Each structure stands twice: as structure tokens, then as C-alpha cells.
$ cat final-v5.cif   # mmCIF, C-alpha atoms and all ligand atoms
data_input
loop_
_atom_site.label_atom_id
_atom_site.label_comp_id
_atom_site.auth_asym_id
_atom_site.auth_seq_id
_atom_site.Cartn_x
_atom_site.Cartn_y
_atom_site.Cartn_z
CA MET A 776 31.95 -11.26 -3.46
CA THR A 777 35.59 -12.25 -2.74
CA GLU A 778 37.48 -10.75 0.21
CA HIS A 779 39.98 -9.09 -2.10
CA GLU A 780 40.50 -8.49 -5.80
CA PRO A 781 42.44 -11.36 -7.44
CA ASN A 782 46.11 -10.65 -8.25
CA THR A 783 46.33 -7.57 -6.02
CA LEU A 784 49.91 -6.69 -5.20
CA ILE A 785 50.84 -4.11 -2.59
CA LEU A 786 54.22 -3.02 -1.29
CA ARG A 787 54.05 -1.98 2.36
CA ASP A 788 56.41 -1.35 5.27
CA VAL A 789 57.95 -4.45 6.82
CA THR A 790 56.56 -5.49 10.22
CA GLU A 791 58.18 -7.82 12.76
CA ALA A 792 55.45 -10.37 12.05
CA ASP A 793 56.74 -10.67 8.46
CA LEU A 794 60.22 -11.77 9.53
CA PRO A 795 59.47 -15.44 10.38
CA ILE A 796 57.83 -15.75 6.94
CA PHE A 797 60.85 -14.21 5.17
CA PHE A 798 63.04 -16.54 7.24
CA GLU A 799 61.22 -19.64 5.98
CA GLN A 800 61.26 -18.33 2.39
CA GLN A 801 65.07 -17.95 2.40
CA LEU A 802 65.53 -21.56 3.61
CA ASP A 803 64.23 -23.04 0.37
CA THR A 804 66.99 -25.00 -1.35
CA GLU A 805 65.81 -24.28 -4.91
CA ALA A 806 65.69 -20.55 -4.17
CA ILE A 807 69.16 -20.68 -2.62
CA GLN A 808 70.49 -22.41 -5.73
CA MET A 809 68.83 -19.83 -8.02
CA ALA A 810 70.12 -16.85 -6.12
CA ALA A 811 73.49 -18.51 -5.34
CA PHE A 812 73.08 -16.96 -1.92
CA PRO A 813 73.34 -19.01 1.28
CA SER A 814 70.51 -19.04 3.81
CA ARG A 815 71.08 -17.59 7.27
CA ASP A 816 70.26 -19.40 10.50
CA ARG A 817 67.46 -17.83 12.56
CA GLU A 818 69.74 -15.80 14.81
CA ALA A 819 71.84 -14.40 11.96
CA PHE A 820 68.72 -13.74 9.91
CA MET A 821 66.95 -11.79 12.66
CA ALA A 822 70.11 -9.80 13.44
CA HIS A 823 70.52 -8.95 9.75
CA TRP A 824 66.90 -7.76 9.44
CA LYS A 825 67.07 -5.75 12.63
CA LYS A 826 70.11 -3.99 11.18
CA ILE A 827 68.63 -3.25 7.77
CA MET A 828 65.25 -2.14 9.16
CA GLY A 829 67.08 0.43 11.30
CA ASN A 830 69.27 1.70 8.47
CA GLU A 831 67.94 4.82 6.79
CA ASN A 832 70.06 4.08 3.70
CA VAL A 833 68.11 0.89 3.10
CA THR A 834 64.70 0.93 1.46
CA VAL A 835 62.79 -2.27 2.08
CA ARG A 836 59.20 -3.33 1.49
CA THR A 837 57.09 -6.40 2.10
CA ILE A 838 55.42 -7.73 -1.04
CA LEU A 839 51.78 -8.54 -0.28
CA PHE A 840 50.01 -10.66 -2.87
CA GLU A 841 46.28 -11.10 -2.34
CA GLU A 842 46.96 -10.00 1.26
CA HIS A 843 49.59 -12.73 1.86
CA VAL A 844 53.27 -12.05 2.55
CA ALA A 845 54.80 -13.21 -0.74
CA GLY A 846 58.32 -11.88 -0.20
CA ASN A 847 60.45 -8.79 0.16
CA ILE A 848 62.28 -6.27 -1.98
CA VAL A 849 65.19 -4.13 -0.89
CA SER A 850 67.61 -1.46 -2.07
CA TRP A 851 70.91 -0.57 -0.39
CA ASP A 852 74.26 1.12 -1.01
CA GLN A 853 77.17 -1.14 -1.80
CA SER A 854 80.58 0.34 -2.53
CA GLY A 855 78.95 3.58 -3.66
CA GLN A 856 76.45 1.84 -5.94
CA ARG A 857 72.72 1.65 -5.30
CA GLU A 858 71.67 -1.99 -5.49
CA VAL A 859 68.33 -3.76 -5.65
CA GLY A 860 67.43 -7.32 -4.61
CA TYR A 861 64.30 -9.36 -3.88
CA TRP A 862 63.18 -12.73 -2.63
CA ILE A 863 59.79 -14.31 -3.33
CA GLY A 864 58.47 -17.40 -1.51
CA LYS A 865 58.41 -20.42 -3.81
CA LYS A 866 54.66 -20.96 -3.72
CA TYR A 867 54.26 -17.48 -5.28
CA TRP A 868 56.67 -17.95 -8.20
CA GLY A 869 55.58 -17.68 -11.82
CA LYS A 870 52.62 -15.35 -11.22
CA GLY A 871 54.31 -12.14 -12.34
CA ILE A 872 54.85 -11.04 -8.73
CA GLY A 873 58.62 -10.43 -9.05
CA THR A 874 58.11 -8.28 -12.14
CA LYS A 875 55.19 -6.28 -10.71
CA ALA A 876 56.92 -5.76 -7.35
CA LEU A 877 60.12 -4.47 -8.95
CA ALA A 878 58.22 -2.19 -11.35
CA GLU A 879 56.37 -0.65 -8.40
CA PHE A 880 59.48 -0.46 -6.20
CA LEU A 881 61.29 1.56 -8.87
CA GLY A 882 58.79 4.31 -8.13
CA TYR A 883 60.02 4.50 -4.50
CA VAL A 884 63.72 4.15 -5.16
CA LYS A 885 64.65 7.22 -7.16
CA PRO A 886 68.48 7.18 -7.41
CA ARG A 887 69.88 6.17 -10.79
CA PRO A 888 71.80 4.31 -11.95
CA LEU A 889 70.47 1.35 -10.03
CA TYR A 890 72.34 -1.98 -10.09
CA ALA A 891 71.62 -5.66 -9.54
CA HIS A 892 73.99 -8.63 -9.34
CA VAL A 893 72.44 -11.84 -10.68
CA ALA A 894 73.89 -15.33 -11.03
CA LYS A 895 74.06 -16.11 -14.76
CA HIS A 896 71.93 -19.23 -14.26
CA ASN A 897 69.12 -17.24 -12.56
CA VAL A 898 67.02 -16.87 -15.71
CA ALA A 899 63.86 -15.81 -13.84
CA SER A 900 65.59 -12.94 -12.04
CA LEU A 901 67.29 -11.81 -15.25
CA ARG A 902 63.87 -11.69 -16.93
CA VAL A 903 62.38 -9.72 -14.03
CA LEU A 904 65.14 -7.13 -14.29
CA GLN A 905 65.14 -6.90 -18.08
CA LYS A 906 61.35 -6.50 -18.21
CA CYS A 907 61.76 -3.55 -15.83
CA GLY A 908 64.33 -1.88 -18.08
CA PHE A 909 67.64 -3.09 -16.62
CA VAL A 910 70.37 -4.00 -19.12
CA ILE A 911 73.43 -6.20 -18.71
CA SER A 912 76.38 -3.89 -18.17
CA GLY A 913 79.09 -6.28 -17.04
CA GLU A 914 79.97 -9.59 -15.50
CA ASP A 915 81.81 -10.84 -12.48
CA LYS A 916 82.44 -14.00 -10.51
CA PHE A 917 82.71 -14.90 -6.86
CA SER A 918 83.43 -17.97 -4.77
CA ASN A 919 80.52 -19.40 -2.85
CA GLU A 920 80.67 -20.98 0.61
CA SER A 921 81.58 -24.41 -0.71
CA GLY A 922 84.41 -23.02 -2.84
CA GLY A 923 82.51 -23.21 -6.14
CA GLU A 924 82.79 -20.34 -8.58
CA ILE A 925 79.58 -18.47 -9.40
CA GLU A 926 79.44 -16.35 -12.53
CA GLU A 927 77.14 -13.37 -12.39
CA PHE A 928 75.87 -10.52 -14.53
CA LEU A 929 75.80 -6.92 -13.40
CA LEU A 930 72.60 -5.23 -14.53
CA LYS A 931 72.08 -1.49 -14.64
CA LEU A 932 69.06 0.79 -14.88
CA GLU A 933 69.94 4.30 -16.08
C1 LIG B 1001 63.65 -14.70 -9.24
C2 LIG B 1001 62.26 -14.50 -8.68
C3 LIG B 1001 62.21 -13.15 -7.94
C4 LIG B 1001 61.26 -14.50 -9.82
O1 LIG B 1001 60.00 -14.13 -9.28
P1 LIG B 1001 58.63 -14.49 -10.01
O2 LIG B 1001 57.55 -13.76 -9.28
O3 LIG B 1001 58.49 -15.96 -10.15
O4 LIG B 1001 58.87 -13.82 -11.45
P2 LIG B 1001 57.76 -13.51 -12.57
O5 LIG B 1001 56.57 -14.39 -12.36
O6 LIG B 1001 57.57 -12.04 -12.58
O7 LIG B 1001 58.50 -14.03 -13.88
C5 LIG B 1001 59.51 -13.31 -14.50
C6 LIG B 1001 59.96 -14.06 -15.74
O8 LIG B 1001 60.77 -15.17 -15.35
C7 LIG B 1001 60.25 -16.36 -15.92
N1 LIG B 1001 60.46 -17.41 -14.94
C8 LIG B 1001 59.88 -17.52 -13.72
N2 LIG B 1001 60.39 -18.60 -13.08
C9 LIG B 1001 61.28 -19.16 -13.92
C10 LIG B 1001 62.14 -20.27 -13.82
N3 LIG B 1001 62.18 -21.03 -12.72
N4 LIG B 1001 62.96 -20.53 -14.88
C11 LIG B 1001 62.93 -19.77 -15.97
N5 LIG B 1001 62.15 -18.67 -16.11
C12 LIG B 1001 61.33 -18.39 -15.10
C13 LIG B 1001 58.79 -16.06 -16.17
O9 LIG B 1001 58.27 -16.89 -17.19
C14 LIG B 1001 58.86 -14.61 -16.60
O10 LIG B 1001 59.34 -14.48 -17.92
P3 LIG B 1001 58.38 -14.13 -19.15
O11 LIG B 1001 57.76 -12.83 -18.83
O12 LIG B 1001 59.32 -14.09 -20.31
O13 LIG B 1001 57.37 -15.22 -19.22
C15 LIG B 1001 61.89 -15.64 -7.67
O14 LIG B 1001 62.00 -16.87 -8.34
C16 LIG B 1001 62.77 -15.69 -6.44
O15 LIG B 1001 62.59 -14.93 -5.50
N6 LIG B 1001 63.77 -16.62 -6.44
C17 LIG B 1001 64.64 -16.84 -5.26
C18 LIG B 1001 65.48 -15.64 -4.86
C19 LIG B 1001 66.17 -14.95 -6.02
O16 LIG B 1001 66.62 -15.56 -6.98
N7 LIG B 1001 66.26 -13.62 -5.89
C20 LIG B 1001 66.90 -12.79 -6.89
C21 LIG B 1001 68.38 -12.74 -6.66
S1 LIG B 1001 69.17 -11.74 -7.91
#
$ encode --input "final-v5.cif" --output "C-alpha cells"
Amino acid sequence: MTEHEPNTLILRDVTEADLPIFFEQQLDTEAIQMAAFPSRDREAFMAHWKKIMGNENVTVRTILFEEHVAGNIVSWDQSGQREVGYWIGKKYWGKGIGTKALAEFLGYVKPRPLYAHVAKHNVASLRVLQKCGFVISGEDKFSNESGGEIEEFLLKLE
């Protein structure tokens, strides 16, 4: 008998022990390129997580896959809109974890509409959102840290 069922995915509260794992996951250069989001250094990362874990307007969960910390998923208010975002560690990509985690998270986060901003080149994240019912409702662009222009889609779940 195995210790756990294969492919089990659970969303649970974030613990302090998860933070060093999230920190390492957000340092991955391929992930940073996909998300078009810069990594934080350890001090800035821990300060950011301390802030969001203490904010009652933020809903955040650790994604456990086969009992391992595979990533995190979060929802927050931004300029009056309820946003969702997620980050999965690279070794867990391509197993359906992003899609399953978002589908389950949508059961916790009740406000609608719900929005997500996604770089146009982030095909995997677009697929995750679209498979969970989000539709492209607009586009935008922003300048990244190195002055490059990133085009993004705005996705909406009614
Ligand atoms: C985007 C991300 C969450 C996807 O997670 P995942 O668990 O690998 O996603 P899934 O396995 O559920 O796959 C979702 C879809 O994307 C596709 N996909 C996965 N990786 C892909 C890639 N690198 N390129 C193209 N498509 C990809 C899958 O085939 C699947 O599509 P399908 O159902 O049509 O076959 C993950 O890569 C990640 O965290 N990246 C870094 C951070 C990030 O981009 N966050 C989102 C910011 S908006």
C-alpha cells in the first residue's frame, strides 16, 4: 500500500514552514519569464508574505500535491477588483495541478466577477484560467523592471 493516493491535491492554510519553499519556487528563471513577474529577495519575500498572511482581505492557500508543497494560490483586492494568482514549483508543472488547484480555490473565493492578469505569452496560465471558465475580457500592457513592455490579457470569471 502506498502512503497516499496518487495525484491527491489538497488546498490548506499556509504555514511558516511553507515560505522557504515558496521562496525557492519564485526564484526560477523560467517561471519568472512566464509570469513576467520579478522574484523578490529573501527579506522582501518574507515581508510580503507576512503582510498578506495577516490581511483578512487576502485569501491564500498552500497547494499540496501528494503531500508535497507544490505551490500557492491567492486572491486579493486590487483597485476594487477581486484578483486571483498562483505559482507552482517547476518540478510540478504539466500534471494538471494548476487547473485542479484553481478549480478548487474557486469554491473558497465566492466574490464575482473575479479577474486575472496574464502575460500574453503565458500560454499555460491562460489555459488554466480558460479551463476554469475565465474568458478574455480585455488587454493591457506594462513596463517591466528592465524597461521592456509586457502585453497582458485581462481574464474575467462572471
Ligand atoms: C502557469 C502554471 C500555474 C501552470 O501550472 P500547471 O500545473 O503546469 O498547469 P496544468 O498542468 O494544469 O496545465 C494547464 C494547461 O497548460 C498547458 N501547459 C502547461 N505547461 C505549458 C507550457 N509550458 N507551455 C504551454 N502549455 C503548457 C497544459 O498542457 C494544459 O493545457 P491542456 O489542458 O490544453 O493540455 C505554472 O506553470 C506556473 O506556476 N508558472 C509560473 C508562475 C506563473 O506563471 N503564474 C501565473 C501568473 S498569471
$ closest_atom_pairs --input "final-v5.cif" --of "chain A" --to "ligand LIG 1001 (chain B)" --cutoff "8 Å" --atoms "all atoms listed in the file" --output "Markdown table"
| residue | atom | partner | partner_atom | distance |
| --- | --- | --- | --- | --- |
| A:Gln801 | CA | B:LIG1001 | C18 | 7.6 |
| A:Glu805 | CA | B:LIG1001 | C17 | 7.5 |
| A:Ala806 | CA | B:LIG1001 | C17 | 4.0 |
| A:Ile807 | CA | B:LIG1001 | C17 | 6.5 |
| A:Gln808 | CA | B:LIG1001 | O16 | 8.0 |
| A:Met809 | CA | B:LIG1001 | O16 | 4.9 |
| A:Ala810 | CA | B:LIG1001 | O16 | 3.8 |
| A:Ala811 | CA | B:LIG1001 | O16 | 7.7 |
| A:Phe812 | CA | B:LIG1001 | C21 | 7.9 |
| A:Gly846 | CA | B:LIG1001 | O15 | 7.5 |
| A:Gly860 | CA | B:LIG1001 | S1 | 5.8 |
| A:Tyr861 | CA | B:LIG1001 | N7 | 5.1 |
| A:Trp862 | CA | B:LIG1001 | O15 | 3.7 |
| A:Ile863 | CA | B:LIG1001 | O15 | 3.6 |
| A:Gly864 | CA | B:LIG1001 | O15 | 6.2 |
| A:Lys865 | CA | B:LIG1001 | O14 | 6.8 |
| A:Tyr867 | CA | B:LIG1001 | O2 | 6.4 |
| A:Trp868 | CA | B:LIG1001 | O3 | 3.3 |
| A:Gly869 | CA | B:LIG1001 | O5 | 3.5 |
| A:Lys870 | CA | B:LIG1001 | O5 | 4.2 |
| A:Gly871 | CA | B:LIG1001 | O5 | 3.2 |
| A:Ile872 | CA | B:LIG1001 | O2 | 3.9 |
| A:Gly873 | CA | B:LIG1001 | O2 | 3.5 |
| A:Thr874 | CA | B:LIG1001 | O6 | 3.8 |
| A:Lys875 | CA | B:LIG1001 | O6 | 6.5 |
| A:Ala891 | CA | B:LIG1001 | S1 | 6.8 |
| A:His892 | CA | B:LIG1001 | S1 | 5.9 |
| A:Val893 | CA | B:LIG1001 | S1 | 4.3 |
| A:Ala894 | CA | B:LIG1001 | S1 | 6.7 |
| A:Asn897 | CA | B:LIG1001 | O16 | 6.3 |
| A:Val898 | CA | B:LIG1001 | C11 | 5.0 |
| A:Ala899 | CA | B:LIG1001 | O8 | 3.5 |
| A:Ser900 | CA | B:LIG1001 | C1 | 3.8 |
| A:Leu901 | CA | B:LIG1001 | O8 | 7.3 |
| A:Arg902 | CA | B:LIG1001 | C6 | 4.7 |
| A:Val903 | CA | B:LIG1001 | C5 | 4.6 |
| A:Lys906 | CA | B:LIG1001 | O11 | 7.3 |
$ atom_distance --input "final-v5.cif" --atom1 "CA of Ile911 in chain A" --atom2 "CA of Leu930 in chain A"
4.4 Å
$ residues_around --input "final-v5.cif" --residues "Thr790 in chain A" --least-positions-apart "4" --cutoff "10 Å" --atoms "only C-alpha atoms" --output "mmCIF file with C-alpha atoms, in the coordinates of the input"
data_model
loop_
_atom_site.group_PDB
_atom_site.id
_atom_site.type_symbol
_atom_site.label_atom_id
_atom_site.label_comp_id
_atom_site.auth_asym_id
_atom_site.auth_seq_id
_atom_site.Cartn_x
_atom_site.Cartn_y
_atom_site.Cartn_z
ATOM 1 C CA LEU A 794 60.220 -11.770 9.530
ATOM 2 C CA MET A 828 65.250 -2.140 9.160
ATOM 3 C CA ARG A 836 59.200 -3.330 1.490
ATOM 4 C CA THR A 837 57.090 -6.400 2.100
#
$ atom_distance --input "final-v5.cif" --atom1 "CA of Arg887 in chain A" --atom2 "CA of Leu932 in chain A"
6.8 Å
$ closest_residue --input "final-v5.cif" --among "A:Asp915, A:Gln800, A:Gly855, A:Val833" --to "Val884 in chain A" --atoms "all atoms listed in the file"
A:Val833
$ atom_distance --input "final-v5.cif" --atom1 "CA of Leu786 in chain A" --atom2 "CA of Leu839 in chain A"
6.1 Å
$ closest_residue --input "final-v5.cif" --among "A:Thr834, A:Glu780, A:His843, A:Glu858" --to "Ala792 in chain A" --atoms "only C-alpha atoms"
A:His843
